[in-house]
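One file, run_4.cif, carrying mmCIF, C-alpha atoms and all ligand atoms:
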data_target
#
loop_
_atom_site.label_atom_id
_atom_site.label_comp_id
_atom_site.auth_asym_id
_atom_site.auth_seq_id
_atom_site.Cartn_x
_atom_site.Cartn_y
_atom_site.Cartn_z
CA MET C 1 0.00 0.00 0.00
CA PRO C 2 1.46 3.44 -0.95
CA ILE C 3 2.80 5.25 2.11
CA LEU C 4 0.75 8.39 1.45
CA GLU C 5 -2.47 6.42 1.91
CA ARG C 6 -1.30 5.49 5.37
CA VAL C 7 -0.20 8.90 6.58
CA SER C 8 -3.61 10.30 7.56
CA ALA C 9 -3.91 7.87 10.51
CA LEU C 10 -0.79 9.39 12.04
CA GLY C 11 -2.46 12.79 12.32
CA ASP C 12 -5.28 11.46 14.50
CA GLU C 13 -4.47 11.28 18.20
CA ALA C 14 -6.93 8.48 19.02
CA GLN C 15 -5.46 6.38 16.21
CA THR C 16 -1.86 6.95 17.25
CA ARG C 17 -2.82 6.06 20.83
CA ILE C 18 -4.32 2.81 19.51
CA LEU C 19 -1.21 2.07 17.44
CA THR C 20 1.00 2.69 20.49
CA LEU C 21 -0.99 0.12 22.45
CA LEU C 22 -1.19 -2.46 19.68
CA GLU C 23 2.55 -2.29 19.12
CA ARG C 24 2.92 -3.60 22.65
CA SER C 25 0.29 -6.34 22.73
CA GLU C 26 -2.97 -7.55 21.24
CA PHE C 27 -6.14 -5.97 22.66
CA THR C 28 -9.85 -6.59 22.21
CA VAL C 29 -12.20 -3.68 21.49
CA SER C 30 -13.52 -3.66 25.05
CA GLU C 31 -9.97 -3.67 26.47
CA LEU C 32 -9.09 -0.75 24.19
CA CYS C 33 -12.23 1.09 25.36
CA SER C 34 -11.18 0.80 28.98
CA VAL C 35 -7.56 1.79 28.33
CA LEU C 36 -8.42 4.76 26.09
CA GLN C 37 -11.55 5.64 28.07
CA LEU C 38 -13.46 6.07 24.84
CA ALA C 39 -16.87 4.71 23.90
CA GLN C 40 -17.07 1.50 21.92
CA PRO C 41 -18.52 3.02 18.68
CA SER C 42 -15.67 5.50 18.60
CA VAL C 43 -12.97 2.85 19.16
CA SER C 44 -14.57 0.58 16.55
CA ARG C 45 -14.65 3.40 14.01
CA HIS C 46 -10.95 4.15 14.58
CA LEU C 47 -10.05 0.48 14.30
CA LYS C 48 -11.98 0.17 11.06
CA SER C 49 -10.13 3.13 9.62
CA LEU C 50 -6.72 1.79 10.79
CA ALA C 51 -7.54 -1.62 9.32
CA SER C 52 -8.51 -0.17 5.94
CA ASP C 53 -5.23 1.82 5.88
CA GLY C 54 -3.35 -1.42 6.54
CA TRP C 55 -2.03 -0.46 10.01
CA VAL C 56 -3.87 -3.06 12.10
CA GLU C 57 -5.57 -6.38 11.64
CA ALA C 58 -7.87 -8.54 13.73
CA ARG C 59 -7.29 -12.10 14.82
CA ILE C 60 -10.60 -13.82 15.41
CA ASP C 61 -10.71 -16.21 18.33
CA GLY C 62 -14.17 -17.62 19.11
CA ARG C 63 -16.40 -14.62 19.72
CA ASN C 64 -13.45 -12.26 20.35
CA ARG C 65 -11.55 -10.12 17.89
CA HIS C 66 -7.99 -9.40 19.03
CA TYR C 67 -6.47 -6.38 17.30
CA ARG C 68 -2.75 -6.11 16.63
CA LEU C 69 -0.33 -4.05 14.59
CA SER C 70 -0.39 -5.67 11.16
CA PRO C 71 2.52 -8.14 10.82
CA ALA C 72 2.43 -7.37 7.07
CA LEU C 73 3.34 -3.71 7.63
CA ASP C 74 6.20 -2.85 5.26
CA GLU C 75 9.48 -1.30 6.39
CA PRO C 76 8.75 2.29 5.17
CA ALA C 77 5.49 2.31 7.16
CA ARG C 78 7.26 0.89 10.23
CA ALA C 79 10.00 3.53 9.94
CA LEU C 80 7.38 6.28 9.64
CA TRP C 81 5.55 4.93 12.67
CA ARG C 82 8.76 4.82 14.73
CA ILE C 83 9.42 8.53 14.01
CA VAL C 84 5.88 9.50 15.07
CA ARG C 85 5.88 7.24 18.12
CA ASP C 86 9.20 8.60 19.41
CA GLU C 87 7.81 12.13 19.16
CA ILE C 88 4.59 11.44 21.03
CA ALA C 89 5.54 8.70 23.49
CA ALA C 90 6.31 11.00 26.43
CA SER C 91 3.12 13.06 26.23
CA GLY C 92 0.45 12.75 28.93
CA ALA C 93 -2.29 10.69 27.30
CA TYR C 94 0.17 8.05 26.09
CA ALA C 95 1.75 7.64 29.53
CA ALA C 96 -1.70 7.24 31.14
CA ASP C 97 -2.69 4.75 28.43
CA GLY C 98 0.46 2.83 29.23
CA GLU C 99 -0.47 2.51 32.90
CA ARG C 100 -4.05 1.48 32.19
CA ALA C 101 -2.79 -1.05 29.62
CA ARG C 102 -0.56 -2.56 32.30
CA SER C 103 -3.63 -3.11 34.50
CA VAL C 104 -5.52 -4.76 31.65
CA LEU C 105 -2.57 -7.06 30.98
CA ASP C 106 -2.26 -7.80 34.71
CA ARG C 107 -5.92 -8.85 34.72
CA ARG C 108 -5.11 -11.32 31.94
CA ARG C 109 -2.16 -12.62 33.95
CA LEU C 110 -4.41 -13.07 36.98
CA ARG C 111 -6.83 -15.08 34.87
CA SER C 112 -4.04 -17.49 33.90
CA THR C 113 -2.76 -17.59 37.50
CA ALA C 114 -6.26 -18.48 38.70
CA PHE C 115 -6.49 -21.14 35.99
CA PHE C 116 -3.21 -22.78 37.05
CA ALA C 117 -4.12 -22.55 40.73
CA GLN C 118 -7.01 -24.92 39.98
CA THR C 119 -5.14 -27.01 37.43
CA ALA C 120 -1.86 -28.03 39.06
CA GLU C 121 -3.03 -31.60 39.60
CA ARG C 122 -4.42 -32.01 36.10
CA TRP C 123 -1.87 -30.02 34.12
CA ASP C 124 0.49 -32.91 33.21
CA SER C 125 -2.28 -34.93 31.62
CA MET C 126 -3.83 -31.83 30.00
CA ARG C 127 -0.43 -30.96 28.51
CA ALA C 128 -0.04 -34.48 27.13
CA ASP C 129 -3.61 -34.47 25.76
CA LEU C 130 -3.21 -31.08 24.13
CA PHE C 131 0.33 -31.33 22.80
CA GLY C 132 1.46 -34.97 23.09
CA SER C 133 3.97 -36.49 25.52
CA ALA C 134 7.03 -35.73 23.34
CA THR C 135 6.64 -31.97 23.79
CA GLY C 136 7.93 -32.23 27.37
CA LEU C 137 11.52 -32.50 26.17
CA ALA C 138 11.04 -30.56 22.94
CA PRO C 139 12.85 -27.40 24.17
CA LEU C 140 16.07 -29.46 24.44
CA LEU C 141 16.09 -29.88 20.66
CA GLY C 142 17.31 -26.27 20.56
CA LEU C 143 20.63 -27.54 22.00
CA MET C 144 21.35 -29.36 18.74
CA ASP C 145 24.05 -27.62 16.68
CA PRO C 146 22.62 -26.94 13.19
CA ALA C 147 25.98 -27.99 11.69
CA TRP C 148 25.84 -31.48 13.22
CA VAL C 149 25.53 -34.85 11.51
CA VAL C 150 23.54 -37.02 13.92
CA GLY C 151 23.45 -40.81 13.78
CA ASP C 152 20.54 -42.74 15.30
CA LEU C 153 21.95 -46.24 15.59
CA GLY C 154 19.18 -48.84 15.83
CA THR C 155 16.79 -46.18 14.58
CA GLY C 156 13.76 -48.48 14.37
CA THR C 157 10.76 -46.69 12.89
CA GLY C 158 12.53 -43.32 12.95
CA ALA C 159 10.64 -41.71 15.84
CA LEU C 160 13.72 -39.72 16.85
CA SER C 161 14.66 -38.82 13.29
CA ALA C 162 11.35 -37.01 12.77
CA LEU C 163 12.02 -34.91 15.86
CA ILE C 164 15.73 -34.19 15.39
CA ALA C 165 16.24 -33.92 11.61
CA PRO C 166 14.76 -30.41 11.29
CA PHE C 167 17.35 -29.09 13.79
CA VAL C 168 20.57 -30.51 12.30
CA ARG C 169 22.49 -30.61 9.01
CA ARG C 170 22.07 -34.33 8.37
CA PHE C 171 20.48 -37.27 10.14
CA VAL C 172 21.66 -40.83 9.50
CA GLY C 173 19.47 -43.69 10.73
CA VAL C 174 21.00 -47.17 10.85
CA ASP C 175 19.10 -50.38 11.50
CA ARG C 176 19.54 -54.01 10.55
CA SER C 177 15.82 -54.56 10.01
CA ALA C 178 14.66 -53.71 6.48
CA GLU C 179 11.04 -53.65 7.73
CA MET C 180 11.78 -51.08 10.46
CA LEU C 181 13.70 -48.95 7.94
CA ARG C 182 10.77 -49.09 5.50
CA ALA C 183 8.46 -47.69 8.20
CA ALA C 184 11.06 -45.01 9.02
CA ALA C 185 11.42 -44.05 5.34
CA ILE C 186 7.63 -43.66 4.98
CA ARG C 187 7.53 -41.50 8.11
CA LEU C 188 10.37 -39.28 6.87
CA ALA C 189 9.41 -39.24 3.17
CA ASP C 190 9.21 -35.44 3.10
CA THR C 191 12.37 -34.73 5.11
CA PRO C 192 15.30 -34.14 2.73
CA ASN C 193 18.28 -34.32 5.12
CA VAL C 194 17.64 -37.85 6.36
CA ASP C 195 19.55 -40.83 5.17
CA PHE C 196 18.58 -44.37 6.26
CA ARG C 197 21.18 -47.12 5.94
CA GLU C 198 20.68 -50.83 6.49
CA GLY C 199 23.46 -52.33 8.59
CA ASP C 200 24.71 -53.66 11.90
CA LEU C 201 25.91 -51.76 14.93
CA GLU C 202 28.85 -54.17 15.07
CA SER C 203 30.04 -52.90 11.67
CA LEU C 204 28.41 -49.53 11.08
CA PRO C 205 27.86 -48.34 7.49
CA ILE C 206 29.37 -45.00 8.56
CA ARG C 207 32.76 -43.49 7.71
CA ASP C 208 35.39 -42.81 10.41
CA GLY C 209 34.52 -39.54 12.19
CA GLU C 210 31.34 -38.95 10.11
CA LEU C 211 29.09 -38.28 13.12
CA ASP C 212 29.00 -35.39 15.61
CA LEU C 213 26.41 -37.13 17.77
CA ALA C 214 25.53 -40.83 18.00
CA ILE C 215 22.30 -41.89 19.69
CA LEU C 216 21.63 -45.47 20.78
CA ALA C 217 18.08 -45.53 22.09
CA LEU C 218 16.80 -48.83 23.46
CA VAL C 219 19.08 -50.91 21.30
CA LEU C 220 22.12 -51.88 23.41
CA HIS C 221 20.16 -54.65 25.16
CA TYR C 222 19.91 -56.39 21.74
CA VAL C 223 23.65 -56.34 21.21
CA VAL C 224 25.69 -59.48 21.99
CA ASP C 225 29.01 -57.67 22.49
CA PRO C 226 28.36 -54.11 23.82
CA PRO C 227 32.08 -53.19 24.30
CA ALA C 228 32.76 -53.99 20.63
CA VAL C 229 29.74 -51.92 19.53
CA LEU C 230 30.79 -48.96 21.70
CA ALA C 231 34.29 -49.08 20.15
CA GLU C 232 32.66 -49.09 16.69
CA VAL C 233 30.51 -46.07 17.63
CA HIS C 234 33.67 -44.30 18.86
CA ARG C 235 35.24 -44.87 15.44
CA ALA C 236 32.20 -43.35 13.69
CA LEU C 237 32.30 -40.19 15.85
CA THR C 238 34.43 -37.16 15.16
CA PRO C 239 36.96 -36.41 17.97
CA GLY C 240 34.99 -34.41 20.56
CA GLY C 241 31.69 -35.86 19.27
CA ARG C 242 29.20 -37.26 21.73
CA ILE C 243 27.41 -40.52 22.39
CA LEU C 244 23.97 -40.64 24.03
CA LEU C 245 22.84 -44.01 25.25
CA LEU C 246 19.33 -44.67 26.53
CA ASP C 247 18.55 -48.08 27.92
CA MET C 248 17.03 -50.11 30.74
CA ARG C 249 18.31 -50.46 34.25
CA PRO C 250 18.55 -54.06 35.61
CA HIS C 251 15.07 -55.64 35.82
CA GLU C 252 13.37 -58.93 36.60
CA ARG C 253 11.61 -59.47 33.29
CA GLY C 254 14.67 -60.69 31.35
CA ALA C 255 13.28 -64.16 30.58
CA VAL C 256 9.91 -62.84 29.39
CA TYR C 257 11.43 -60.08 27.25
CA SER C 258 14.01 -62.47 25.84
CA GLU C 259 11.20 -64.85 24.81
CA GLU C 260 8.82 -62.16 23.52
CA MET C 261 11.17 -59.56 22.03
CA GLY C 262 14.56 -61.22 21.71
CA HIS C 263 16.30 -59.13 24.39
CA VAL C 264 19.86 -60.27 25.08
CA TRP C 265 20.47 -58.21 28.25
CA PRO C 266 18.05 -57.83 31.22
CA GLY C 267 19.08 -54.17 31.63
CA PHE C 268 22.50 -52.81 32.62
CA GLU C 269 24.15 -51.74 35.88
CA LEU C 270 25.09 -48.07 35.56
CA GLU C 271 28.69 -48.68 36.72
CA ARG C 272 29.15 -51.33 34.06
CA VAL C 273 28.01 -48.93 31.30
CA ALA C 274 30.41 -46.23 32.54
CA ALA C 275 33.30 -48.72 32.51
CA TRP C 276 32.43 -49.95 28.99
CA LEU C 277 32.36 -46.35 27.71
CA SER C 278 35.80 -45.62 29.19
CA ASP C 279 37.25 -48.85 27.82
CA ALA C 280 35.92 -47.95 24.36
CA GLY C 281 37.94 -44.69 24.47
CA PHE C 282 35.22 -42.26 25.57
CA ALA C 283 36.00 -39.45 28.02
CA ASN C 284 33.83 -38.09 30.83
CA PRO C 285 31.24 -40.88 30.90
CA ARG C 286 28.13 -39.82 32.80
CA VAL C 287 25.44 -42.39 33.52
CA ALA C 288 22.30 -41.31 35.35
CA PRO C 289 18.93 -42.89 36.12
CA LEU C 290 15.98 -41.21 34.42
CA VAL C 291 12.95 -40.07 36.40
CA PRO C 292 10.25 -42.67 35.69
CA ASP C 293 7.23 -41.65 33.64
CA PRO C 294 4.23 -42.46 35.87
CA ASP C 295 2.34 -43.86 32.86
CA ALA C 296 5.17 -46.17 31.76
CA THR C 297 4.68 -49.92 32.22
CA GLY C 298 8.23 -51.04 31.36
CA PRO C 299 11.49 -51.19 33.34
CA LEU C 300 13.32 -48.15 34.71
CA LEU C 301 15.66 -46.35 32.32
CA PHE C 302 19.06 -44.63 32.39
CA LEU C 303 20.82 -42.15 30.13
CA ALA C 304 24.55 -42.25 29.49
CA SER C 305 26.63 -39.66 27.69
CA ALA C 306 30.33 -39.41 26.93
CA ILE C 307 32.76 -37.64 24.62
CA ALA C 308 34.73 -39.34 21.82
C1 LIG C 401 13.61 -51.44 20.45
S1 LIG C 401 13.93 -50.84 18.87
C2 LIG C 401 14.31 -49.17 19.24
C3 LIG C 401 14.15 -48.29 18.07
C4 LIG C 401 14.40 -46.80 18.33
N1 LIG C 401 15.76 -46.54 18.67
C5 LIG C 401 13.47 -46.28 19.40
O1 LIG C 401 13.96 -45.78 20.42
O2 LIG C 401 12.26 -46.32 19.19
C6 LIG C 401 15.51 -51.56 18.54
C7 LIG C 401 15.93 -51.42 17.09
O3 LIG C 401 17.30 -51.77 16.99
C8 LIG C 401 17.50 -52.57 15.86
N2 LIG C 401 18.68 -53.42 16.14
C9 LIG C 401 18.80 -54.35 17.13
N3 LIG C 401 20.05 -54.85 17.13
C10 LIG C 401 20.70 -54.26 16.12
C11 LIG C 401 22.03 -54.37 15.61
N4 LIG C 401 22.91 -55.20 16.15
N5 LIG C 401 22.38 -53.61 14.54
C12 LIG C 401 21.49 -52.75 13.99
N6 LIG C 401 20.21 -52.60 14.43
C13 LIG C 401 19.84 -53.35 15.48
C14 LIG C 401 16.22 -53.36 15.72
O4 LIG C 401 16.03 -53.79 14.39
C15 LIG C 401 15.18 -52.31 16.14
O5 LIG C 401 14.73 -51.57 15.05
#

Let me see the file written as structure tokens.
Amino acid sequence: MPILERVSALGDEAQTRILTLLERSEFTVSELCSVLQLAQPSVSRHLKSLASDGWVEARIDGRNRHYRLSPALDEPARALWRIVRDEIAASGAYAADGERARSVLDRRRLRSTAFFAQTAERWDSMRADLFGSATGLAPLLGLMDPAWVVGDLGTGTGALSALIAPFVRRFVGVDRSAEMLRAAAIRLADTPNVDFREGDLESLPIRDGELDLAILALVLHYVVDPPAVLAEVHRALTPGGRILLLDMRPHERGAVYSEEMGHVWPGFELERVAAWLSDAGFANPRVAPLVPDPDATGPLLFLASAIA
């Protein structure tokens, strides 16, 4: 939209007061009425005019319209607005608006505080229902270095690859089961930086030093010779690269799991895992029990990490 068509709004004090508020947060019409102390028809008329000049837009949420500064505002219009705002910001009406806006925002905060005061007991299951159980650890994905090549060794159906691949340069999933890899490939069909390779952990189809991070999630208990596999993972990691190892702590269901799922190991003592990592050439092995998920029905887990 040509800049001249936008300029008239900046000569109207009510409209610049509205823009000042909407730059800070979204407001409904009734919130704007109480902050500006203007009647609803007047505020609605100003909003309509600002919307037709491209300054603001409404986000509709149920029966509420939340007004905000238009995200599509181009840079010349933003620059023009900054000049006007810096001139007027200190004047009386704007400072009073600012204080009243704080009270309106505080009222919103109180509403959420009241909600959580009644919800503490139910929040974990609400969170899982609304967003899924994987979102609990999702913020940690931000720790991934975008330059990394990550290997998921014993990748199975690629559950981790779908989560991690968008955050790293390349993701390599290795598994010896062609069927598991087929499921993983279907799941990741639209993700370009993923590469699935059929092969054994004992002789990884990975070049020396190709990986920055190697993940072995729930696979070591299938391996006949863990020290040999850990040495092989060390070879595949770049010096300074990291191994993450998730597996079961010792449990009593070894015979059943061996019969039903082919497990070789009935879990691992944490000290034994630390010693294996050191023997394989890893530095700083850390092995820690994981806090049990109250909904989990399987054995307790641990997480080990170490540096190649
Ligand atoms: C229990 S699943 C875990 C899959 C995935 N890591 C996860 O956390 O969902 C174990 C996977 O490891 C694979 N696997 C077991 N032993 C292996 C080995 N020696 N070499 C390569 N893959 C192996 C199996 O085919 C299976 O897909």

Which residues are near ligand LIG 401 (chain C) in this structure, taking near to mean any atom at most 7 Å from a ligand atom and counting all atoms listed in the file? Format them as a short mmCIF file (atom, residue, chain, number, x, y, z; two decimals) with C-alpha atoms, keeping the file's coordinate frame.
data_model
loop_
_atom_site.label_atom_id
_atom_site.label_comp_id
_atom_site.auth_asym_id
_atom_site.auth_seq_id
_atom_site.Cartn_x
_atom_site.Cartn_y
_atom_site.Cartn_z
CA ASP C 152 20.54 -42.74 15.30
CA LEU C 153 21.95 -46.24 15.59
CA GLY C 154 19.18 -48.84 15.83
CA THR C 155 16.79 -46.18 14.58
CA GLY C 156 13.76 -48.48 14.37
CA THR C 157 10.76 -46.69 12.89
CA GLY C 158 12.53 -43.32 12.95
CA ALA C 159 10.64 -41.71 15.84
CA VAL C 174 21.00 -47.17 10.85
CA ASP C 175 19.10 -50.38 11.50
CA ARG C 176 19.54 -54.01 10.55
CA SER C 177 15.82 -54.56 10.01
CA MET C 180 11.78 -51.08 10.46
CA GLY C 199 23.46 -52.33 8.59
CA ASP C 200 24.71 -53.66 11.90
CA LEU C 201 25.91 -51.76 14.93
CA GLU C 202 28.85 -54.17 15.07
CA LEU C 216 21.63 -45.47 20.78
CA ALA C 217 18.08 -45.53 22.09
CA LEU C 218 16.80 -48.83 23.46
CA VAL C 219 19.08 -50.91 21.30
CA TYR C 222 19.91 -56.39 21.74
CA VAL C 223 23.65 -56.34 21.21
#

- request: Find the distance between CA of Val224 (chain C) and CA of Pro266 (chain C) and write it in Å to one decimal.
  value: 12.1 Å

- request: Find, counting only C-alpha atoms, the residue in C:Pro239, C:Asn193, C:Ala184, C:Arg59 that gets nearest to Glu210 (chain C).
  value: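 Using only C-alpha atoms, Glu210 (chain C) sits closest to C:Pro239.
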
- prompt: Quick one: distance from CA of Pro71 (chain C) to CA of Gly54 (chain C) in Å, one decimal?
  reply: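 Pair CA of Pro71 (chain C) / CA of Gly54 (chain C) returns 9.9 Å.
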
Starting from 8 Å padding per side, set up an axis-aligned box that covers all listed atoms of region 53-66 of chain C and hand over centre and edge lengths in Å, one decimal, as AutoDock Vina command-line options.
--center_x -9.2 --center_y -7.9 --center_z 13.1 --size_x 30.4 --size_y 35.4 --size_z 30.5
